[in-house]
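K.L.:
Before I ask anything, here is the structure I am working with.
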Amino acid sequence: MFLSLFERSGIGLAILDPALRLLSVNSALTSRCDRRLDELRGRDITEFLHPSVQESVLRQFGRLVRGEPVRLVSHSVALCFHEAVVSGKLTAFPVEDGEGRIRMIVVQFTPEETADGHEALVGAEWKLAPLSAKVLEGVAAGDPTVRLAAKLFLSRQGIEYHVGMLLRQFKVPNRTALAAKAYSLGMFSIGSWPPRVHPDYIRTDEQEAERPRGGAGLRTRRP
């Protein structure tokens, strides 16, 4: 009954045991996972947390399980569903038995919506070639073009070329917005400085495949 209350709302609801294993989920989650309830039961919640948020969310779950007076509320959490990543708000609270011990944990996941009313999905379209990932890291770290060119052994024109590609891919107007959007998508590893794009967001393409054709943008060195 409790789970069914959320069915029409589209809000995902899961019941976990104190070890953070799934006991039950409503259809809003089973449909996203493309799995039946019996296939999900017993699986660890960490299997569905995107690597970029695992550490911080698990730390909060740990405090909750230990009985600390905390209600877990995390915004912009990324959950992995069937090769796609959905951003949203995750809320969790414990349910105790008559002796004050944690009996189960109720987890609610509300997908985030964009301005046009569609859920914010982080899928394969956000995966970057290795060189683009390095450029994005430099932009997020505030490296000017000249410094970033020296780091990556590219010309200034080469850096501007790759930054322009990223601006078009992310549909943002400038470098500041580019870094902000990448952070909002959870593309950077938590607690890392300088910023590092998480490996899940890097394609396996060879680095040279992304450089401009004919070597455009590469710095030429005089003997």
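Following the order of the structure tokens, chains are lettered A, B, ..., residues in each are numbered from 1, and ligands are numbered from 1.
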Just list as a ChimeraX atom specification whatever in stretch 9-189 of chain A DSSP marks as helix (DSSP H, G or I).
P.N.:
/A:27-33,37-40,45-48,51-65,124-126,130-140,145-152,156-170,175-184
K.L.:
List the spatial neighbours of stretch 146-153 of chain A as an MDAnalysis selection string - criterion: any atom at most 8 Å away, only C-alpha atoms, same-chain residues fewer than 2 positions off excluded.
P.N.:
chainID A and resid 134:135 138 143:144 155:156 158:159 218:219
K.L.:
Using only C-alpha atoms, which residues of stretch 96-174 of chain A come within 7 Å of stretch 186-204 of chain A, and what is the closest atom pair for each, with the distance in Å to one decimal? Give it as a Markdown table, sorted by chain and residue number.
P.N.:
| residue | atom | partner | partner_atom | distance |
| --- | --- | --- | --- | --- |
| A:Trp126 | CA | A:Tyr201 | CA | 6.7 |
| A:Lys127 | CA | A:Tyr201 | CA | 4.5 |
| A:Leu128 | CA | A:Ile202 | CA | 4.8 |
| A:Ala129 | CA | A:Arg203 | CA | 5.1 |
| A:Pro130 | CA | A:Ile202 | CA | 6.0 |
| A:Ala133 | CA | A:Val197 | CA | 6.3 |
| A:Glu137 | CA | A:Pro195 | CA | 5.5 |
| A:Ala140 | CA | A:Pro195 | CA | 6.6 |
| A:Ala141 | CA | A:Pro194 | CA | 5.9 |
K.L.:
Counting only C-alpha atoms, which residue out of A:Ile105, A:Val53, A:Ala182, A:Leu167 sits closest to A:Ser24?
P.N.:
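Once distances to A:Ser24 are computed over only C-alpha atoms, the minimum belongs to A:Ile105.
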K.L.:
Residues within 12 Å of A:Ala177, please, as a list in words. Count only C-alpha atoms; anything in the same chain fewer than 5 positions from it doesn't count.
P.N.:
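Here the qualifying residues turn out to be Leu136, Val139, Ala140, Val163, Leu166, Leu167, Arg168, Phe170, Lys171, Val172, Ala182, Tyr183 and Ser184 of chain A.
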K.L.:
Give me the residues within 12 Å of A:Leu58 as a PDB file with N, CA and C atoms, in the first residue's frame, counting only C-alpha atoms and dropping any in the same chain fewer than 3 places off.
P.N.:
ATOM      1  N   ALA A  19      21.369  -3.099   5.765  1.00  0.00           N
ATOM      2  CA  ALA A  19      22.604  -3.300   4.999  1.00  0.00           C
ATOM      3  C   ALA A  19      22.531  -2.645   3.624  1.00  0.00           C
ATOM      4  N   LEU A  20      21.471  -1.847   3.386  1.00  0.00           N
ATOM      5  CA  LEU A  20      21.255  -1.108   2.145  1.00  0.00           C
ATOM      6  C   LEU A  20      20.967  -2.007   0.956  1.00  0.00           C
ATOM      7  N   ASP A  44      22.346  -4.378  -3.850  1.00  0.00           N
ATOM      8  CA  ASP A  44      22.796  -3.240  -3.055  1.00  0.00           C
ATOM      9  C   ASP A  44      22.432  -1.934  -3.755  1.00  0.00           C
ATOM     10  N   ILE A  45      21.988  -0.948  -2.983  1.00  0.00           N
ATOM     11  CA  ILE A  45      21.590   0.340  -3.557  1.00  0.00           C
ATOM     12  C   ILE A  45      22.763   1.004  -4.280  1.00  0.00           C
ATOM     13  N   THR A  46      23.994   0.679  -3.859  1.00  0.00           N
ATOM     14  CA  THR A  46      25.158   1.302  -4.491  1.00  0.00           C
ATOM     15  C   THR A  46      25.291   0.933  -5.966  1.00  0.00           C
ATOM     16  N   GLU A  47      24.672  -0.176  -6.373  1.00  0.00           N
ATOM     17  CA  GLU A  47      24.725  -0.566  -7.778  1.00  0.00           C
ATOM     18  C   GLU A  47      24.050   0.460  -8.672  1.00  0.00           C
ATOM     19  N   PHE A  48      23.154   1.259  -8.102  1.00  0.00           N
ATOM     20  CA  PHE A  48      22.392   2.217  -8.892  1.00  0.00           C
ATOM     21  C   PHE A  48      22.862   3.652  -8.703  1.00  0.00           C
ATOM     22  N   LEU A  49      23.808   3.860  -7.789  1.00  0.00           N
ATOM     23  CA  LEU A  49      24.354   5.199  -7.589  1.00  0.00           C
ATOM     24  C   LEU A  49      25.463   5.447  -8.592  1.00  0.00           C
ATOM     25  N   HIS A  50      25.406   6.570  -9.265  1.00  0.00           N
ATOM     26  CA  HIS A  50      26.465   6.897 -10.203  1.00  0.00           C
ATOM     27  C   HIS A  50      27.778   7.056  -9.434  1.00  0.00           C
ATOM     28  N   PRO A  51      28.897   6.597 -10.009  1.00  0.00           N
ATOM     29  CA  PRO A  51      30.186   6.676  -9.290  1.00  0.00           C
ATOM     30  C   PRO A  51      30.520   8.066  -8.775  1.00  0.00           C
ATOM     31  N   SER A  52      30.064   9.102  -9.475  1.00  0.00           N
ATOM     32  CA  SER A  52      30.410  10.462  -9.059  1.00  0.00           C
ATOM     33  C   SER A  52      29.740  10.873  -7.747  1.00  0.00           C
ATOM     34  N   VAL A  53      28.676  10.146  -7.336  1.00  0.00           N
ATOM     35  CA  VAL A  53      27.974  10.525  -6.095  1.00  0.00           C
ATOM     36  C   VAL A  53      28.026   9.433  -5.034  1.00  0.00           C
ATOM     37  N   GLN A  54      28.599   8.283  -5.358  1.00  0.00           N
ATOM     38  CA  GLN A  54      28.585   7.155  -4.429  1.00  0.00           C
ATOM     39  C   GLN A  54      29.160   7.506  -3.062  1.00  0.00           C
ATOM     40  N   GLU A  55      30.340   8.102  -3.062  1.00  0.00           N
ATOM     41  CA  GLU A  55      31.035   8.359  -1.804  1.00  0.00           C
ATOM     42  C   GLU A  55      30.220   9.243  -0.870  1.00  0.00           C
ATOM     43  N   PHE A  61      24.227   7.741   4.168  1.00  0.00           N
ATOM     44  CA  PHE A  61      23.514   6.514   4.544  1.00  0.00           C
ATOM     45  C   PHE A  61      24.127   5.912   5.811  1.00  0.00           C
ATOM     46  N   GLY A  62      25.452   5.949   5.904  1.00  0.00           N
ATOM     47  CA  GLY A  62      26.123   5.398   7.077  1.00  0.00           C
ATOM     48  C   GLY A  62      25.694   6.095   8.355  1.00  0.00           C
ATOM     49  N   ARG A  63      25.591   7.398   8.315  1.00  0.00           N
ATOM     50  CA  ARG A  63      25.146   8.148   9.494  1.00  0.00           C
ATOM     51  C   ARG A  63      23.710   7.781   9.853  1.00  0.00           C
ATOM     52  N   LEU A  64      22.895   7.595   8.829  1.00  0.00           N
ATOM     53  CA  LEU A  64      21.495   7.252   9.059  1.00  0.00           C
ATOM     54  C   LEU A  64      21.376   5.866   9.694  1.00  0.00           C
ATOM     55  N   VAL A  65      22.126   4.895   9.181  1.00  0.00           N
ATOM     56  CA  VAL A  65      22.073   3.521   9.692  1.00  0.00           C
ATOM     57  C   VAL A  65      22.585   3.450  11.129  1.00  0.00           C
ATOM     58  N   LEU A  72      18.290  11.932   5.367  1.00  0.00           N
ATOM     59  CA  LEU A  72      19.110  12.071   4.169  1.00  0.00           C
ATOM     60  C   LEU A  72      18.302  12.767   3.076  1.00  0.00           C
ATOM     61  N   SER A  74      19.444  14.530  -0.603  1.00  0.00           N
ATOM     62  CA  SER A  74      20.516  14.901  -1.534  1.00  0.00           C
ATOM     63  C   SER A  74      19.903  15.378  -2.840  1.00  0.00           C
ATOM     64  N   VAL A  77      21.316  14.130  -7.360  1.00  0.00           N
ATOM     65  CA  VAL A  77      21.920  12.801  -7.286  1.00  0.00           C
ATOM     66  C   VAL A  77      21.692  12.093  -8.616  1.00  0.00           C
ATOM     67  N   ALA A  92      15.838   9.932   2.047  1.00  0.00           N
ATOM     68  CA  ALA A  92      15.778   8.657   2.768  1.00  0.00           C
ATOM     69  C   ALA A  92      15.570   8.920   4.251  1.00  0.00           C
TER      70      ALA A  92
END
K.L.:
How far is it from atom CA of A:Gln108 to atom CA of A:Gly42, in Å with one decimal?
P.N.:
17.7 Å
K.L.:
Record the distance separating atom CA of A:Pro18 and atom CA of A:Leu185, expressed in Å with one decimal.
P.N.:
29.1 Å
K.L.:
To one decimal place, how far is atom CA of A:Ser87 from atom CA of A:Glu68 in Å?
P.N.:
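A separation of 26.6 Å between them.
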K.L.:
Please, which residues of stretch 50-110 of chain A, numbered as in this document, come out strand (DSSP E) from DSSP, as JSON, numbers by chain?
P.N.:
{"A": [72, 73, 74, 75, 76, 77, 78, 79, 80, 81, 84, 85, 86, 87, 88, 89, 90, 91, 92, 93, 94, 95, 96, 102, 103, 104, 105, 106, 107, 108, 109, 110]}
K.L.:
Go through A:Leu154, A:Gly142, A:Pro94, A:Tyr161 one by one, measure the shortest atom-to-atom distance of each to A:Ala179 using only C-alpha atoms, and give the residue with the smallest value.
P.N.:
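Using only C-alpha atoms, A:Ala179 sits closest to A:Gly142.
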K.L.:
Can you work out which one of A:Val85, A:Val25, A:Ile15, A:Leu79 has the shortest atom-to-atom distance to A:Leu40, counting only C-alpha atoms?
P.N.:
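Of A:Val85, A:Val25, A:Ile15, A:Leu79, the one nearest A:Leu40 is A:Val25, counting only C-alpha atoms.
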K.L.:
Just checking: using only C-alpha atoms, which residue out of A:His162, A:Phe93, A:Arg103, A:Arg35 ends up closest to A:Gln60?
P.N.:
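The shortest atom-to-atom distance to A:Gln60 comes from A:Phe93.
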